[in-house]
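Coordinates from upload31.cif are shown below (mmCIF, C-alpha atoms).
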```
data_upload
loop_
_atom_site.label_atom_id
_atom_site.label_comp_id
_atom_site.auth_asym_id
_atom_site.auth_seq_id
_atom_site.Cartn_x
_atom_site.Cartn_y
_atom_site.Cartn_z
CA MET A 264 28.08 -31.96 -10.96
CA ASN A 265 27.68 -28.42 -9.62
CA GLU A 266 24.83 -27.64 -7.26
CA PHE A 267 21.90 -25.78 -8.74
CA ASN A 268 22.30 -22.01 -8.23
CA LEU A 269 18.89 -20.69 -7.23
CA LYS A 270 20.25 -17.14 -6.96
CA ASN A 271 20.38 -17.08 -10.77
CA TYR A 272 16.57 -17.19 -10.69
CA ILE A 273 15.96 -14.42 -8.16
CA GLY A 274 15.05 -11.11 -9.77
CA VAL A 275 16.63 -7.88 -8.56
CA TRP A 276 14.79 -4.56 -8.83
CA GLN A 277 16.49 -1.33 -7.80
CA ASP A 278 14.29 1.38 -6.22
CA PHE A 279 11.21 -0.83 -5.80
CA PRO A 280 8.77 -0.32 -4.16
CA LYS A 281 10.46 2.95 -3.28
CA LYS A 282 13.75 4.72 -3.93
CA GLY A 283 16.71 3.18 -2.12
CA VAL A 284 15.20 -0.32 -1.86
CA LEU A 285 16.80 -3.28 -3.63
CA PHE A 286 13.89 -5.69 -4.12
CA ARG A 287 14.57 -9.45 -4.30
CA ASP A 288 11.87 -11.06 -6.44
CA ILE A 289 11.01 -14.78 -6.25
CA ASN A 290 8.70 -14.59 -9.29
CA PRO A 291 11.35 -15.73 -11.82
CA ALA A 292 12.22 -18.67 -9.52
CA ILE A 293 8.64 -19.89 -9.20
CA ARG A 294 7.76 -19.52 -12.87
CA ASN A 295 10.70 -21.71 -13.92
CA THR A 296 9.95 -25.41 -13.44
CA GLN A 297 13.51 -26.41 -12.53
CA SER A 298 14.10 -23.65 -9.96
CA PHE A 299 10.61 -23.99 -8.48
CA SER A 300 11.11 -27.72 -8.02
CA TYR A 301 14.56 -27.17 -6.53
CA LEU A 302 13.42 -24.59 -3.95
CA SER A 303 10.39 -26.72 -3.05
CA GLU A 304 12.50 -29.80 -2.39
CA ARG A 305 15.22 -27.96 -0.49
CA ILE A 306 12.75 -26.27 1.87
CA PHE A 307 10.79 -29.49 2.37
CA GLU A 308 13.99 -31.34 3.34
CA GLU A 309 14.59 -28.78 6.11
CA VAL A 310 11.13 -29.13 7.67
CA LYS A 311 9.94 -32.68 7.03
CA GLN A 312 11.13 -34.01 10.41
CA LEU A 313 9.63 -31.20 12.55
CA GLY A 314 6.38 -33.00 13.32
CA VAL A 315 4.23 -29.91 12.75
CA GLU A 316 0.46 -30.17 12.72
CA SER A 317 -0.28 -27.23 10.41
CA VAL A 318 1.46 -24.73 8.17
CA VAL A 319 0.73 -21.02 8.55
CA ALA A 320 1.37 -18.88 5.48
CA ILE A 321 1.76 -15.09 5.50
CA GLU A 322 0.03 -13.06 2.79
CA SER A 323 0.70 -13.07 -0.07
CA ARG A 324 3.81 -14.71 -1.51
CA GLY A 325 4.02 -16.80 1.65
CA PHE A 326 0.88 -18.53 0.41
CA ILE A 327 2.97 -20.10 -2.37
CA ILE A 328 5.64 -21.46 -0.04
CA GLY A 329 3.11 -22.47 2.60
CA THR A 330 0.95 -24.34 0.10
CA ILE A 331 3.93 -26.32 -1.19
CA LEU A 332 4.91 -27.32 2.34
CA ALA A 333 1.37 -28.12 3.47
CA MET A 334 0.90 -30.42 0.48
CA LYS A 335 4.27 -32.14 0.90
CA LEU A 336 3.78 -32.53 4.66
CA ASN A 337 0.15 -33.64 4.21
CA LYS A 338 -0.99 -30.92 6.64
CA GLY A 339 -3.56 -28.16 6.54
CA LEU A 340 -2.78 -24.61 5.47
CA ILE A 341 -3.75 -21.60 7.60
CA MET A 342 -3.65 -18.11 6.16
CA ILE A 343 -2.60 -14.93 7.91
CA ARG A 344 -4.01 -12.07 5.90
CA LYS A 345 -4.18 -8.31 5.84
CA SER A 346 -6.92 -6.79 7.96
CA GLY A 347 -10.44 -7.20 6.63
CA LYS A 348 -9.69 -10.10 4.24
CA LEU A 349 -10.85 -13.06 6.37
CA PRO A 350 -14.50 -13.85 7.17
CA GLY A 351 -15.82 -14.81 10.58
CA PRO A 352 -14.33 -14.07 13.97
CA THR A 353 -10.66 -13.11 13.72
CA ILE A 354 -7.91 -11.84 15.95
CA SER A 355 -5.57 -9.16 14.75
CA LYS A 356 -2.10 -7.85 15.40
CA SER A 357 -0.83 -4.41 14.43
CA TYR A 358 2.87 -3.86 13.96
CA LYS A 359 5.26 -1.23 12.64
CA VAL A 360 6.50 -1.23 9.09
CA GLU A 361 9.00 1.14 7.51
CA TYR A 362 6.22 3.41 6.21
CA GLY A 363 3.83 3.31 9.17
CA GLN A 364 1.70 0.54 10.61
CA ALA A 365 0.10 -2.65 9.27
CA THR A 366 -2.41 -5.10 10.70
CA MET A 367 -2.72 -8.85 10.06
CA GLU A 368 -5.44 -11.26 11.05
CA ILE A 369 -6.05 -14.95 11.57
CA GLN A 370 -9.38 -16.72 12.04
CA GLN A 371 -10.02 -17.53 15.70
CA ASP A 372 -10.82 -21.18 15.00
CA ALA A 373 -7.84 -21.80 12.68
CA ILE A 374 -5.50 -23.25 15.29
CA MET A 375 -6.08 -25.44 18.31
CA PRO A 376 -4.15 -24.88 21.55
CA GLY A 377 -1.00 -26.98 21.74
CA GLN A 378 -0.55 -27.41 17.99
CA LYS A 379 2.96 -27.25 16.54
CA ILE A 380 3.04 -24.74 13.69
CA LEU A 381 5.42 -24.03 10.83
CA ILE A 382 5.27 -20.42 9.57
CA ALA A 383 6.19 -19.84 5.92
CA ASP A 384 6.87 -16.69 3.91
CA ASP A 385 8.88 -15.84 0.82
CA LEU A 386 11.24 -13.36 2.46
CA VAL A 387 12.32 -12.01 5.82
CA ALA A 388 13.61 -8.44 6.00
CA THR A 389 13.23 -6.63 9.34
CA GLY A 390 11.22 -9.49 10.87
CA GLY A 391 8.28 -7.36 12.01
CA THR A 392 5.68 -9.18 9.92
CA SER A 393 7.03 -12.57 10.96
CA LEU A 394 7.09 -11.65 14.64
CA ALA A 395 3.49 -10.42 14.42
CA ALA A 396 2.50 -13.71 12.77
CA ALA A 397 4.13 -15.66 15.62
CA GLU A 398 2.25 -13.56 18.17
CA LEU A 399 -1.05 -14.36 16.42
CA VAL A 400 -0.27 -18.09 16.40
CA GLU A 401 0.79 -18.07 20.04
CA SER A 402 -2.24 -16.03 21.10
CA LEU A 403 -4.32 -19.03 19.98
CA GLY A 404 -2.26 -21.28 22.26
CA ALA A 405 -0.08 -22.92 19.61
CA GLU A 406 3.70 -23.29 19.43
CA VAL A 407 5.82 -22.00 16.56
CA SER A 408 8.18 -24.83 15.61
CA MET A 409 10.08 -22.93 12.92
CA PHE A 410 10.02 -20.12 10.41
CA VAL A 411 10.94 -20.94 6.82
CA PHE A 412 11.79 -18.43 4.09
CA VAL A 413 13.16 -18.57 0.58
CA ILE A 414 15.16 -15.36 1.15
CA SER A 415 16.68 -13.62 4.16
CA LEU A 416 17.95 -10.05 3.80
CA GLU A 417 20.68 -10.32 6.42
CA LYS A 418 21.56 -6.63 6.70
CA LEU A 419 17.99 -5.91 7.85
CA ASN A 420 18.44 -8.39 10.72
CA GLY A 421 15.00 -10.02 10.67
CA SER A 422 16.30 -13.57 11.02
CA ASN A 423 18.36 -12.53 14.04
CA LEU A 424 15.35 -10.76 15.57
CA LEU A 425 13.35 -13.98 15.32
CA ARG A 426 16.22 -16.03 16.76
CA ASP A 427 16.57 -13.50 19.60
CA HIS A 428 12.92 -14.25 20.41
CA GLY A 429 13.75 -17.95 20.63
CA TYR A 430 12.53 -19.11 17.21
CA LYS A 431 14.21 -21.50 14.81
CA VAL A 432 14.71 -19.92 11.38
CA TYR A 433 15.62 -21.46 8.03
CA SER A 434 16.28 -19.41 4.91
CA LEU A 435 17.19 -21.08 1.65
CA LEU A 436 19.05 -18.00 0.38
CA GLU A 437 20.77 -15.21 2.29
CA TYR A 438 21.71 -11.82 0.90
CA SER A 439 24.04 -9.45 2.71
CA ASP A 440 23.60 -6.43 0.38
#
```
As a first step, turn the structure in this file into structure tokens.
Amino acid sequence: MNEFNLKNYIGVWQDFPKKGVLFRDINPAIRNTQSFSYLSERIFEEVKQLGVESVVAIESRGFIIGTILAMKLNKGLIMIRKSGKLPGPTISKSYKVEYGQATMEIQQDAIMPGQKILIADDLVATGGTSLAAAELVESLGAEVSMFVFVISLEKLNGSNLLRDHGYKVYSLLEYSD
């Protein structure tokens, strides 16, 4: 029996969100029961032995992947959100994006020092958002055990950037174009 080909369920949109960008879309994969189940199980198999204490999910499609993993691991879910979206005391991190600057936040009481954290998102491109998320987690005294993504856009080098900073990275799918 041939292995399930998840790439058949990843949408491709030319010139989105701007001209020259080839957008890889997980929406078709998560709305199909078979592909959603497949990606959930494959990612879970990669992280189940890590011994993490919480899962951090990056807004917004990372919430989907993070929720799956938190439920399967029987751990809590912590959200990293865009600036101004979380109540209470937060800490923030600004970082460069291709069109300027962005800021993400996490609640100050979300993570305890010394916790082992898994960070989840749908896709890694340049790695800037992921690196900022790791800096937020570490600023609260926790340790990033691994990053997990459905998709890695290899030509944008984000996975390598994270590895160069000493992080473990797992991507279910890799695209070189």
Task: Residue with smallest distance to Asp288 (chain A) - pool A:Leu381, A:Leu386, A:Leu340, A:Leu332, counting all atoms listed in the file - done: A:Leu386
- [ ] Have a look at A:Phe412, A:Tyr438, A:Tyr301, A:Tyr272 and name the one nearest to Arg324 (chain A); count all atoms listed in the file.
- [x]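 Of the candidates, the smallest distance to Arg324 (chain A) is held by A:Phe412.
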Open item on the list: Can you translate the PyMOL selection byres ((chain A and resi 428) around 12) into the concrete residues it hits in this file, as a ChimeraX atom specification?
Closed with: /A:390-391,393-395,397-398,407,409-410,421-427,429-432
Task: Shell of 9 Å around Pro291 (chain A), only C-alpha atoms, local chain residues under 6 positions omitted, as a PyMOL selection string - done: chain A and resi 272-274+298-299
Task: Surrounding residues of Ala383 (chain A) excluding itself and chain neighbours under 2 positions, 6 Å, only C-alpha atoms, as a list in words - done: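 Using only C-alpha atoms, the neighbours found are Ala320, Gly325, Gly329, Phe410 and Val411 of chain A.
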Open item on the list: Under the PyMOL selection byres ((chain A and resi 413) around 9), which residues of this model are included? Write them out as a ChimeraX atom specification.
Closed with: /A:289,302,306,328,383-387,411-412,414-415,433-437
Open item on the list: Using only C-alpha atoms, which protein or nucleic acid residues come within 9 Å of Val315 (chain A)? Drop anything in the same chain fewer than 4 positions from it, and give the result as a ChimeraX atom specification.
Closed with: /A:310-311,336,338,378-381,407-408
Task: Spatial neighbours of Gln364 (chain A), 12 Å, only C-alpha atoms, chain gap at least 4 places, as a ChimeraX atom specification - done: /A:345-346,356-360,391-392,395
- [ ] Work out how far apart CA of Ala388 (chain A) and CA of Leu416 (chain A) are and give it in Å to one decimal.
- [x]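 Here the two named atoms are 5.1 Å from each other.
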Open item on the list: Given the PyMOL selection byres ((chain A and resi 376) around 8) and the file above, list the residues it selects as an NGL selection string.
Closed with: :A and (374-375 or 377-378 or 403-405)
Adding 3 Å on each side of the box along x, y and z that holds all listed atoms of region 386-389 of chain A, could you give its centre and edge lengths in Å to one decimal, as AutoDock Vina command-line options?
```
--center_x 12.4 --center_y -10.0 --center_z 5.9 --size_x 8.4 --size_y 12.7 --size_z 12.9
```
TODO: Work out how far CA of Gln371 (chain A) is from CA of Ile354 (chain A), in Å to one decimal.
DONE: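 Taking CA of Ile354 (chain A) and CA of Gln371 (chain A), their separation equals 6.1 Å.
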Task: Distance in Å - CA of Phe279 (chain A) versus CA of Leu419 (chain A) - done: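 So the two atoms, CA of Phe279 (chain A) and CA of Leu419 (chain A), lie 16.1 Å apart.
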Open item on the list: Please determine, counting only C-alpha atoms, which residue among A:Gln370, A:Ile382, A:Arg305, A:Val275 has the shortest atom-to-atom distance to Lys348 (chain A).
Closed with: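 Of the candidates, the smallest distance to Lys348 (chain A) is held by A:Gln370.
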Task: Near-Gly339 (chain A) list (7 Å; all atoms listed in the file; drop same-chain fewer than 6 positions) as a VMD selection string - done: chain A and resid 317 to 318 333
Open item on the list: Taking all atoms listed in the file into account, name the residue in A:Ser439, A:Ser303, A:Asn420, A:Thr353 that is nearest to Ile327 (chain A).
Closed with: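 Ranking A:Ser439, A:Ser303, A:Asn420, A:Thr353 by distance to Ile327 (chain A), first place goes to A:Ser303.
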Some atoms are missing, so please complete region 368-389 of chain A with N, CA, C and O atoms and return it as an mmCIF file, in the frame of the given file.
```
data_model
loop_
_atom_site.group_PDB
_atom_site.id
_atom_site.type_symbol
_atom_site.label_atom_id
_atom_site.label_comp_id
_atom_site.auth_asym_id
_atom_site.auth_seq_id
_atom_site.Cartn_x
_atom_site.Cartn_y
_atom_site.Cartn_z
ATOM 1 N N GLU A 368 -4.413 -10.516 10.325
ATOM 2 C CA GLU A 368 -5.440 -11.260 11.050
ATOM 3 C C GLU A 368 -5.348 -12.749 10.761
ATOM 4 O O GLU A 368 -4.834 -13.167 9.726
ATOM 5 N N ILE A 369 -5.900 -13.511 11.709
ATOM 6 C CA ILE A 369 -6.050 -14.950 11.570
ATOM 7 C C ILE A 369 -7.441 -15.301 12.108
ATOM 8 O O ILE A 369 -7.932 -14.640 13.031
ATOM 9 N N GLN A 370 -8.073 -16.304 11.535
ATOM 10 C CA GLN A 370 -9.380 -16.720 12.040
ATOM 11 C C GLN A 370 -9.213 -17.374 13.412
ATOM 12 O O GLN A 370 -8.266 -18.143 13.627
ATOM 13 N N GLN A 371 -10.132 -17.055 14.311
ATOM 14 C CA GLN A 371 -10.020 -17.530 15.700
ATOM 15 C C GLN A 371 -10.034 -19.038 15.821
ATOM 16 O O GLN A 371 -9.440 -19.593 16.739
ATOM 17 N N ASP A 372 -10.709 -19.725 14.906
ATOM 18 C CA ASP A 372 -10.820 -21.180 15.000
ATOM 19 C C ASP A 372 -9.798 -21.911 14.121
ATOM 20 O O ASP A 372 -9.889 -23.117 13.926
ATOM 21 N N ALA A 373 -8.798 -21.207 13.622
ATOM 22 C CA ALA A 373 -7.840 -21.800 12.680
ATOM 23 C C ALA A 373 -6.847 -22.747 13.340
ATOM 24 O O ALA A 373 -6.357 -23.674 12.700
ATOM 25 N N ILE A 374 -6.535 -22.501 14.589
ATOM 26 C CA ILE A 374 -5.500 -23.250 15.290
ATOM 27 C C ILE A 374 -6.033 -23.702 16.640
ATOM 28 O O ILE A 374 -6.713 -22.936 17.331
ATOM 29 N N MET A 375 -5.700 -24.910 17.004
ATOM 30 C CA MET A 375 -6.080 -25.440 18.310
ATOM 31 C C MET A 375 -4.918 -25.254 19.283
ATOM 32 O O MET A 375 -3.750 -25.361 18.894
ATOM 33 N N PRO A 376 -5.221 -25.001 20.557
ATOM 34 C CA PRO A 376 -4.150 -24.880 21.550
ATOM 35 C C PRO A 376 -3.262 -26.128 21.550
ATOM 36 O O PRO A 376 -3.743 -27.250 21.406
ATOM 37 N N GLY A 377 -1.970 -25.894 21.674
ATOM 38 C CA GLY A 377 -1.000 -26.980 21.740
ATOM 39 C C GLY A 377 -0.459 -27.439 20.399
ATOM 40 O O GLY A 377 0.506 -28.207 20.365
ATOM 41 N N GLN A 378 -1.051 -26.982 19.296
ATOM 42 C CA GLN A 378 -0.550 -27.410 17.990
ATOM 43 C C GLN A 378 0.857 -26.877 17.730
ATOM 44 O O GLN A 378 1.199 -25.773 18.153
ATOM 45 N N LYS A 379 1.634 -27.665 17.003
ATOM 46 C CA LYS A 379 2.960 -27.250 16.540
ATOM 47 C C LYS A 379 2.801 -26.705 15.133
ATOM 48 O O LYS A 379 2.262 -27.377 14.254
ATOM 49 N N ILE A 380 3.291 -25.479 14.930
ATOM 50 C CA ILE A 380 3.040 -24.740 13.690
ATOM 51 C C ILE A 380 4.349 -24.374 13.000
ATOM 52 O O ILE A 380 5.302 -23.925 13.635
ATOM 53 N N LEU A 381 4.354 -24.523 11.681
ATOM 54 C CA LEU A 381 5.420 -24.030 10.830
ATOM 55 C C LEU A 381 4.908 -22.763 10.152
ATOM 56 O O LEU A 381 3.813 -22.767 9.595
ATOM 57 N N ILE A 382 5.666 -21.673 10.215
ATOM 58 C CA ILE A 382 5.270 -20.420 9.570
ATOM 59 C C ILE A 382 6.140 -20.215 8.335
ATOM 60 O O ILE A 382 7.371 -20.267 8.421
ATOM 61 N N ALA A 383 5.487 -19.968 7.192
ATOM 62 C CA ALA A 383 6.190 -19.840 5.920
ATOM 63 C C ALA A 383 5.926 -18.474 5.284
ATOM 64 O O ALA A 383 4.807 -17.960 5.320
ATOM 65 N N ASP A 384 6.982 -17.919 4.692
ATOM 66 C CA ASP A 384 6.870 -16.690 3.910
ATOM 67 C C ASP A 384 7.970 -16.724 2.849
ATOM 68 O O ASP A 384 8.905 -17.530 2.936
ATOM 69 N N ASP A 385 7.870 -15.841 1.873
ATOM 70 C CA ASP A 385 8.880 -15.840 0.820
ATOM 71 C C ASP A 385 10.170 -15.191 1.275
ATOM 72 O O ASP A 385 11.250 -15.599 0.874
ATOM 73 N N LEU A 386 10.070 -14.175 2.139
ATOM 74 C CA LEU A 386 11.240 -13.360 2.460
ATOM 75 C C LEU A 386 11.127 -12.789 3.862
ATOM 76 O O LEU A 386 10.030 -12.436 4.299
ATOM 77 N N VAL A 387 12.258 -12.716 4.543
ATOM 78 C CA VAL A 387 12.320 -12.010 5.820
ATOM 79 C C VAL A 387 13.273 -10.839 5.663
ATOM 80 O O VAL A 387 14.380 -10.989 5.171
ATOM 81 N N ALA A 388 12.798 -9.661 6.053
ATOM 82 C CA ALA A 388 13.610 -8.440 6.000
ATOM 83 C C ALA A 388 13.873 -7.991 7.436
ATOM 84 O O ALA A 388 14.780 -8.490 8.085
ATOM 85 N N THR A 389 13.037 -7.107 7.969
ATOM 86 C CA THR A 389 13.230 -6.630 9.340
ATOM 87 C C THR A 389 12.666 -7.594 10.384
ATOM 88 O O THR A 389 13.007 -7.496 11.556
#
```
